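Colleague: For reference, the file data.cif (mmCIF, C-alpha atoms) is included below:
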data_data
#
loop_
_atom_site.group_PDB
_atom_site.id
_atom_site.type_symbol
_atom_site.label_atom_id
_atom_site.label_comp_id
_atom_site.auth_asym_id
_atom_site.auth_seq_id
_atom_site.Cartn_x
_atom_site.Cartn_y
_atom_site.Cartn_z
ATOM 1 C CA MET A 1 42.386 -10.412 6.918
ATOM 2 C CA GLN A 2 44.058 -9.098 3.745
ATOM 3 C CA ILE A 3 43.468 -6.469 1.086
ATOM 4 C CA GLY A 4 43.034 -7.825 -2.446
ATOM 5 C CA LEU A 5 42.125 -6.913 -5.989
ATOM 6 C CA VAL A 6 39.495 -8.864 -7.920
ATOM 7 C CA ILE A 7 41.200 -9.826 -11.177
ATOM 8 C CA GLY A 8 38.785 -12.367 -12.585
ATOM 9 C CA THR A 9 35.829 -14.657 -12.159
ATOM 10 C CA VAL A 10 35.438 -18.429 -11.980
ATOM 11 C CA VAL A 11 32.213 -20.006 -13.210
ATOM 12 C CA PRO A 12 31.882 -23.669 -12.131
ATOM 13 C CA CYS A 13 29.400 -25.936 -13.915
ATOM 14 C CA GLU A 14 29.544 -28.447 -11.050
ATOM 15 C CA ILE A 15 29.934 -27.278 -7.449
ATOM 16 C CA TYR A 16 29.673 -28.852 -4.010
ATOM 17 C CA LYS A 17 26.200 -28.589 -2.494
ATOM 18 C CA GLY A 18 25.644 -25.397 -0.509
ATOM 19 C CA LEU A 19 27.833 -23.370 -2.869
ATOM 20 C CA GLU A 20 25.346 -23.166 -5.702
ATOM 21 C CA GLY A 21 25.175 -19.603 -7.027
ATOM 22 C CA VAL A 22 27.979 -18.340 -4.822
ATOM 23 C CA PRO A 23 30.183 -16.091 -6.992
ATOM 24 C CA MET A 24 33.804 -17.211 -7.184
ATOM 25 C CA GLN A 25 36.358 -14.516 -7.911
ATOM 26 C CA TRP A 26 40.093 -14.546 -8.575
ATOM 27 C CA VAL A 27 41.666 -12.208 -6.008
ATOM 28 C CA ARG A 28 45.296 -11.089 -5.931
ATOM 29 C CA PRO A 29 46.511 -10.038 -2.468
ATOM 30 C CA LEU A 30 47.710 -6.419 -2.286
ATOM 31 C CA ASP A 31 49.656 -4.538 0.342
ATOM 32 C CA LYS A 32 48.450 -1.236 1.737
ATOM 33 C CA HIS A 33 50.251 0.618 -1.088
ATOM 34 C CA GLY A 34 48.355 -1.373 -3.699
ATOM 35 C CA GLN A 35 51.339 -3.478 -4.738
ATOM 36 C CA PRO A 36 50.778 -7.213 -5.405
ATOM 37 C CA SER A 37 51.839 -9.161 -2.320
ATOM 38 C CA GLY A 38 51.192 -12.821 -3.021
ATOM 39 C CA GLU A 39 49.618 -15.449 -5.227
ATOM 40 C CA ALA A 40 46.079 -14.978 -6.479
ATOM 41 C CA VAL A 41 43.480 -17.207 -4.841
ATOM 42 C CA VAL A 42 39.876 -18.003 -5.695
ATOM 43 C CA CYS A 43 37.561 -16.448 -3.126
ATOM 44 C CA ALA A 44 33.881 -17.118 -2.577
ATOM 45 C CA ASP A 45 32.217 -13.701 -2.609
ATOM 46 C CA SER A 46 30.025 -13.279 0.458
ATOM 47 C CA THR A 47 28.950 -9.803 -0.682
ATOM 48 C CA ARG A 48 27.902 -11.237 -4.091
ATOM 49 C CA MET A 49 28.673 -7.795 -5.532
ATOM 50 C CA ALA A 50 32.429 -7.657 -6.072
ATOM 51 C CA GLY A 51 33.660 -7.488 -9.656
ATOM 52 C CA PRO A 52 36.982 -7.398 -11.503
ATOM 53 C CA GLY A 53 38.945 -4.228 -10.805
ATOM 54 C CA GLU A 54 37.500 -3.720 -7.336
ATOM 55 C CA ARG A 55 39.595 -3.727 -4.173
ATOM 56 C CA VAL A 56 38.255 -6.052 -1.524
ATOM 57 C CA TYR A 57 39.283 -7.521 1.790
ATOM 58 C CA PHE A 58 39.202 -11.261 2.211
ATOM 59 C CA GLU A 59 39.631 -13.782 4.984
ATOM 60 C CA GLY A 60 41.003 -17.297 5.045
ATOM 61 C CA GLY A 61 40.330 -20.456 6.952
ATOM 62 C CA ARG A 62 37.138 -21.217 8.858
ATOM 63 C CA GLU A 63 36.235 -17.520 8.959
ATOM 64 C CA ALA A 64 35.896 -17.638 5.165
ATOM 65 C CA ALA A 65 33.203 -20.315 5.403
ATOM 66 C CA LEU A 66 31.493 -18.480 8.260
ATOM 67 C CA ALA A 67 31.030 -15.477 5.987
ATOM 68 C CA LEU A 68 28.716 -17.505 3.753
ATOM 69 C CA ASP A 69 25.153 -18.756 4.213
ATOM 70 C CA PRO A 70 24.935 -21.768 4.574
ATOM 71 C CA TRP A 71 28.265 -21.530 6.357
ATOM 72 C CA PHE A 72 29.138 -25.224 6.586
ATOM 73 C CA VAL A 73 30.656 -25.239 3.090
ATOM 74 C CA PRO A 74 34.098 -26.230 1.787
ATOM 75 C CA VAL A 75 35.581 -22.770 1.292
ATOM 76 C CA ASP A 76 39.020 -21.560 2.412
ATOM 77 C CA HIS A 77 38.957 -17.936 1.228
ATOM 78 C CA ALA A 78 36.067 -15.512 1.048
ATOM 79 C CA ILE A 79 35.619 -11.867 0.130
ATOM 80 C CA ILE A 80 34.269 -10.127 3.237
ATOM 81 C CA GLY A 81 33.773 -6.650 1.840
ATOM 82 C CA ILE A 82 34.463 -4.151 -0.918
ATOM 83 C CA ILE A 83 36.883 -1.340 -0.140
ATOM 84 C CA ASP A 84 35.845 2.283 -0.713
ATOM 85 C CA ASP A 85 39.029 3.914 0.614
ATOM 86 C CA VAL A 86 42.395 2.896 2.006
ATOM 87 C CA HIS A 87 44.023 5.526 4.260
ATOM 88 C CA VAL A 88 47.721 4.993 4.816
ATOM 89 C CA ALA A 89 48.912 7.315 7.577
ATOM 90 C CA GLU A 90 51.820 8.921 5.734
ATOM 91 C CA GLU A 91 50.141 8.921 2.299
ATOM 92 C CA GLY A 92 46.490 9.869 2.767
ATOM 93 C CA ALA A 93 43.578 8.243 0.961
ATOM 94 C CA THR A 94 43.862 6.173 -2.217
ATOM 95 C CA MET B 1 49.169 -13.016 19.876
ATOM 96 C CA LYS B 2 51.005 -10.767 17.470
ATOM 97 C CA THR B 3 52.277 -7.208 17.709
ATOM 98 C CA GLY B 4 52.138 -4.521 15.089
ATOM 99 C CA ILE B 5 52.107 -0.811 14.305
ATOM 100 C CA VAL B 6 48.913 0.732 12.963
ATOM 101 C CA ALA B 7 49.606 2.014 9.440
ATOM 102 C CA GLY B 8 46.172 3.170 8.329
ATOM 103 C CA ASP B 9 42.560 2.149 7.972
ATOM 104 C CA ILE B 10 39.986 0.890 5.513
ATOM 105 C CA VAL B 11 36.591 2.383 4.667
ATOM 106 C CA SER B 12 33.952 0.004 3.321
ATOM 107 C CA THR B 13 30.187 0.226 2.891
ATOM 108 C CA ILE B 14 29.455 -3.036 1.088
ATOM 109 C CA ASN B 15 30.480 -5.850 3.400
ATOM 110 C CA HIS B 16 29.364 -8.790 5.503
ATOM 111 C CA GLY B 17 26.881 -7.601 8.129
ATOM 112 C CA PHE B 18 29.260 -8.207 11.023
ATOM 113 C CA TYR B 19 31.590 -5.507 9.698
ATOM 114 C CA ASP B 20 28.954 -2.743 9.549
ATOM 115 C CA GLY B 21 30.292 0.191 11.536
ATOM 116 C CA ARG B 22 33.429 -1.685 12.632
ATOM 117 C CA LYS B 23 36.752 0.108 12.695
ATOM 118 C CA MET B 24 39.202 -1.780 10.441
ATOM 119 C CA LEU B 25 42.867 -0.880 10.777
ATOM 120 C CA ILE B 26 45.794 -1.877 8.582
ATOM 121 C CA VAL B 27 48.628 -3.102 10.810
ATOM 122 C CA ASP B 28 52.276 -3.644 9.918
ATOM 123 C CA LEU B 29 53.403 -6.641 11.982
ATOM 124 C CA VAL B 30 56.504 -6.126 14.120
ATOM 125 C CA ASP B 31 58.701 -8.688 15.859
ATOM 126 C CA ALA B 32 59.775 -8.759 19.490
ATOM 127 C CA THR B 33 62.439 -6.134 18.802
ATOM 128 C CA GLY B 34 59.817 -3.807 17.341
ATOM 129 C CA ARG B 35 61.081 -4.060 13.767
ATOM 130 C CA ARG B 36 58.583 -4.433 10.925
ATOM 131 C CA THR B 37 58.502 -7.979 9.522
ATOM 132 C CA GLY B 38 57.184 -6.944 6.106
ATOM 133 C CA LYS B 39 53.866 -8.652 6.746
ATOM 134 C CA GLU B 40 50.675 -6.700 7.241
ATOM 135 C CA LEU B 41 47.082 -7.540 8.043
ATOM 136 C CA VAL B 42 43.697 -5.905 8.500
ATOM 137 C CA ALA B 43 42.250 -6.135 11.998
ATOM 138 C CA VAL B 44 39.061 -4.999 13.702
ATOM 139 C CA ASP B 45 39.901 -2.511 16.437
ATOM 140 C CA VAL B 46 38.247 -2.721 19.859
ATOM 141 C CA ALA B 47 41.008 -0.961 21.796
ATOM 142 C CA GLY B 48 40.715 2.496 20.235
ATOM 143 C CA ALA B 49 44.085 2.418 18.478
ATOM 144 C CA GLY B 50 45.247 5.076 16.033
ATOM 145 C CA PRO B 51 47.926 5.362 13.359
ATOM 146 C CA GLY B 52 51.494 4.934 14.624
ATOM 147 C CA GLU B 53 50.508 3.126 17.802
ATOM 148 C CA THR B 54 51.972 -0.261 18.665
ATOM 149 C CA VAL B 55 49.166 -2.732 19.230
ATOM 150 C CA LEU B 56 48.491 -6.239 20.463
ATOM 151 C CA ILE B 57 46.613 -8.365 17.929
ATOM 152 C CA LEU B 58 44.625 -11.487 18.619
ATOM 153 C CA ASP B 59 44.831 -13.456 15.371
ATOM 154 C CA GLU B 60 42.664 -16.512 15.937
ATOM 155 C CA GLY B 61 39.007 -17.051 15.038
ATOM 156 C CA ASN B 62 37.529 -18.567 18.183
ATOM 157 C CA GLY B 63 39.162 -15.994 20.427
ATOM 158 C CA ALA B 64 38.094 -13.218 18.082
ATOM 159 C CA ARG B 65 34.489 -14.391 18.103
ATOM 160 C CA GLN B 66 34.621 -14.540 21.888
ATOM 161 C CA VAL B 67 35.606 -10.839 21.948
ATOM 162 C CA PHE B 68 32.360 -10.074 20.120
ATOM 163 C CA GLY B 69 30.264 -12.647 21.976
ATOM 164 C CA SER B 70 29.404 -14.335 18.697
ATOM 165 C CA THR B 71 29.522 -17.927 17.547
ATOM 166 C CA ASP B 72 29.509 -17.303 13.807
ATOM 167 C CA ALA B 73 31.173 -13.958 13.063
ATOM 168 C CA PRO B 74 33.694 -14.190 10.188
ATOM 169 C CA VAL B 75 36.431 -12.407 12.138
ATOM 170 C CA ARG B 76 39.934 -13.517 12.990
ATOM 171 C CA SER B 77 42.211 -10.532 13.661
ATOM 172 C CA VAL B 78 41.264 -8.195 16.494
ATOM 173 C CA ILE B 79 43.276 -5.390 18.062
ATOM 174 C CA VAL B 80 42.804 -6.063 21.760
ATOM 175 C CA GLY B 81 45.426 -3.794 23.284
ATOM 176 C CA ILE B 82 47.689 -0.783 22.867
ATOM 177 C CA ILE B 83 51.289 -1.395 23.898
ATOM 178 C CA ASP B 84 53.239 1.147 25.957
ATOM 179 C CA ARG B 85 56.547 -0.668 26.055
ATOM 180 C CA MET B 86 58.110 -4.027 25.141
ATOM 181 C CA ASP B 87 61.194 -5.283 26.974
ATOM 182 C CA LEU B 88 63.196 -8.122 25.447
ATOM 183 C CA ASP B 89 65.651 -10.166 27.540
ATOM 184 C CA PRO B 90 68.997 -9.434 25.806
ATOM 185 C CA ALA B 91 70.356 -12.941 26.747
#
In structure tokens, how does this file's structure come out?
Modeller:
Amino acid sequence: MQIGLVIGTVVPCEIYKGLEGVPMQWVRPLDKHGQPSGEAVVCADSTRMAGPGERVYFEGGREAALALDPWFVPVDHAIIGIIDDVHVAEEGAT
Amino acid sequence: MKTGIVAGDIVSTINHGFYDGRKMLIVDLVDATGRRTGKELVAVDVAGAGPGETVLILDEGNGARQVFGSTDAPVRSVIVGIIDRMDLDPA
């Protein structure tokens, strides 16, 4: 699982059945220091509460689909939760 | 399985139900020589690991779900052990 930052939203007008109403967010992977660490991906938001500017953690592969209900949906990344704090041992909380 | 050094942890209150009350640690992956590879991941801890400890990480969904006795938990990376020592054959 990776840390990420929600940087945008995707609003589909047509979507595969089972994904109706599931929020889709642009998420840029971050490292523990908050630096960008990869290409942004579109994540289905299983919490349905994440918004741009919020740090989240997201999962890929089958676990991404399992985070949703119904879970048998074509999704390869999903936001699992919204981060309140990140504690890095030598730096303290951010 | 992968190995890594615990670098910190994550606090979250809004999350998928499975993660309620779970300990989530940030792990810097290390190779067989113990050097950091530059990659990091977030893993659920079931071994009681703390910052600075070298840990064994199971990084596969079915095995991870088995650890929690679940068939549908959205979990893939689990810290399943704390490593005392790693010996690498110098050959």
Colleague: So the first atom is atom CA of B:Val27 and the second is atom CA of B:Ile57; what is the distance between them in Å, to one decimal place?
Modeller: 9.1 Å
Colleague: Could you give me, as CSV, a per-residue list for chain B showing, wherever an atom lies at most 10 Å from an atom of chain A, the closest pair of atoms and their distance in Å to one decimal, using all atoms listed in the file and sorting by chain then residue number from low to high?
Modeller:
residue,atom,partner,partner_atom,distance
B:Val6,CA,A:Ala89,CA,8.5
B:Ala7,CA,A:Ala89,CA,5.7
B:Gly8,CA,A:Val88,CA,4.3
B:Asp9,CA,A:His87,CA,5.2
B:Ile10,CA,A:Val86,CA,4.7
B:Val11,CA,A:Asp85,CA,5.0
B:Ser12,CA,A:Ile83,CA,4.7
B:Thr13,CA,A:Asp84,CA,7.0
B:Ile14,CA,A:Ile82,CA,5.5
B:Asn15,CA,A:Gly81,CA,3.7
B:His16,CA,A:Ile80,CA,5.6
B:Gly17,CA,A:Ala67,CA,9.2
B:Phe18,CA,A:Ala67,CA,9.0
B:Tyr19,CA,A:Gly81,CA,8.2
B:Asp20,CA,A:Gly81,CA,9.9
B:Met24,CA,A:Met1,CA,9.9
B:Leu25,CA,A:His87,CA,9.2
B:Ile26,CA,A:Lys32,CA,7.4
B:Val27,CA,A:Lys32,CA,9.3
B:Asp28,CA,A:Lys32,CA,9.3
B:Gly38,CA,A:Asp31,CA,9.8
B:Lys39,CA,A:Asp31,CA,8.7
B:Glu40,CA,A:Asp31,CA,7.3
B:Leu41,CA,A:Gln2,CA,5.5
B:Val42,CA,A:Met1,CA,5.0
B:Ala43,CA,A:Met1,CA,6.6
B:Val44,CA,A:Met1,CA,9.3
B:Gly50,CA,A:Ala89,CA,9.5
B:Pro51,CA,A:Ala89,CA,6.2
B:Gly52,CA,A:Ala89,CA,7.9
B:Asp59,CA,A:Met1,CA,9.3
B:Glu60,CA,A:Glu63,CA,9.5
B:Gly61,CA,A:Glu63,CA,6.7
B:Asn62,CA,A:Glu63,CA,9.4
B:Arg65,CA,A:Glu63,CA,9.8
B:Thr71,CA,A:Leu66,CA,9.5
B:Asp72,CA,A:Leu66,CA,6.0
B:Ala73,CA,A:Leu66,CA,6.6
B:Pro74,CA,A:Glu63,CA,4.4
B:Val75,CA,A:Glu63,CA,6.0
B:Arg76,CA,A:Glu63,CA,6.8
B:Ser77,CA,A:Met1,CA,6.7
B:Val78,CA,A:Met1,CA,9.9
Colleague: Return the single residue from B:Pro90, B:Gly34, B:Gly69, B:Gly48 that is closest to B:Lys2, with distances computed using all atoms listed in the file.
Modeller: B:Gly34
Colleague: Compile the contact shell of B:Asp31 as a PyMOL selection string: residues with an atom at most 8 Å away, counting only C-alpha atoms, same-chain residues fewer than 6 positions apart removed.
Modeller: chain B and resi 3-4+37
Colleague: Just the number, please: distance in Å from atom CA of B:Asp45 to atom CA of A:Trp26, one decimal.
Modeller: 27.8 Å
Colleague: Determine, counting only C-alpha atoms, which protein, DNA and RNA residues have an atom within 10 Å of an atom of B:Leu56; residues of the same chain fewer than 6 positions away are not included. Present the result as a list in words.
Modeller: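 Neighbouring residues, sequence-local ones excluded: Met1, Lys2, Thr3, Gly4, Ile5, Leu29, Ala47, Ala49, Val78, Ile79, Val80, Gly81, Ile82 and Ile83 of chain B.
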Colleague: Since we have the selection now, will you write its residues out, keeping C-alpha atoms, as a PDB file, keeping the file's coordinate frame?
Modeller:
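Saved as selection_5.pdb:
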ATOM      1  CA  MET B   1      49.169 -13.016  19.876  1.00  0.00           C
ATOM      2  CA  LYS B   2      51.005 -10.767  17.470  1.00  0.00           C
ATOM      3  CA  THR B   3      52.277  -7.208  17.709  1.00  0.00           C
ATOM      4  CA  GLY B   4      52.138  -4.521  15.089  1.00  0.00           C
ATOM      5  CA  ILE B   5      52.107  -0.811  14.305  1.00  0.00           C
ATOM      6  CA  LEU B  29      53.403  -6.641  11.982  1.00  0.00           C
ATOM      7  CA  ALA B  47      41.008  -0.961  21.796  1.00  0.00           C
ATOM      8  CA  ALA B  49      44.085   2.418  18.478  1.00  0.00           C
ATOM      9  CA  VAL B  78      41.264  -8.195  16.494  1.00  0.00           C
ATOM     10  CA  ILE B  79      43.276  -5.390  18.062  1.00  0.00           C
ATOM     11  CA  VAL B  80      42.804  -6.063  21.760  1.00  0.00           C
ATOM     12  CA  GLY B  81      45.426  -3.794  23.284  1.00  0.00           C
ATOM     13  CA  ILE B  82      47.689  -0.783  22.867  1.00  0.00           C
ATOM     14  CA  ILE B  83      51.289  -1.395  23.898  1.00  0.00           C
TER      15      ILE B  83
END
Colleague: To one decimal place in Å, what is the distance between atom CA of A:Glu20 and atom CA of A:Asp76?
Modeller: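 Interatomic distance, atom CA of A:Glu20 to atom CA of A:Asp76: 16.0 Å.
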Colleague: Padding 3 Å on every side, please: axis-aligned box over the listed atoms of stretch 46-64 of chain B, centre and edge lengths to one decimal in Å, as lines of an AutoDock Vina configuration file.
Modeller:
center_x = 44.8
center_y = -6.6
center_z = 17.6
size_x = 20.4
size_y = 29.9
size_z = 14.4
Colleague: A:Thr94, A:Asp69, A:His77, A:Val27: which is nearest A:Leu5, counting all atoms listed in the file?
Modeller: A:Val27
Colleague: Tell me which protein, DNA and RNA residues are within 7 Å of A:Gln25, counting all atoms listed in the file, leaving out same-chain ones fewer than 3 positions away, and put them as an mmCIF file with C-alpha atoms, in the coordinates of the input.
Modeller:
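Once written, out_2.cif looks like this:
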data_model
loop_
_atom_site.group_PDB
_atom_site.id
_atom_site.type_symbol
_atom_site.label_atom_id
_atom_site.label_comp_id
_atom_site.auth_asym_id
_atom_site.auth_seq_id
_atom_site.Cartn_x
_atom_site.Cartn_y
_atom_site.Cartn_z
ATOM 1 C CA VAL A 6 39.495 -8.864 -7.920
ATOM 2 C CA GLY A 8 38.785 -12.367 -12.585
ATOM 3 C CA THR A 9 35.829 -14.657 -12.159
ATOM 4 C CA VAL A 10 35.438 -18.429 -11.980
ATOM 5 C CA VAL A 42 39.876 -18.003 -5.695
ATOM 6 C CA CYS A 43 37.561 -16.448 -3.126
ATOM 7 C CA ALA A 44 33.881 -17.118 -2.577
ATOM 8 C CA ASP A 45 32.217 -13.701 -2.609
#
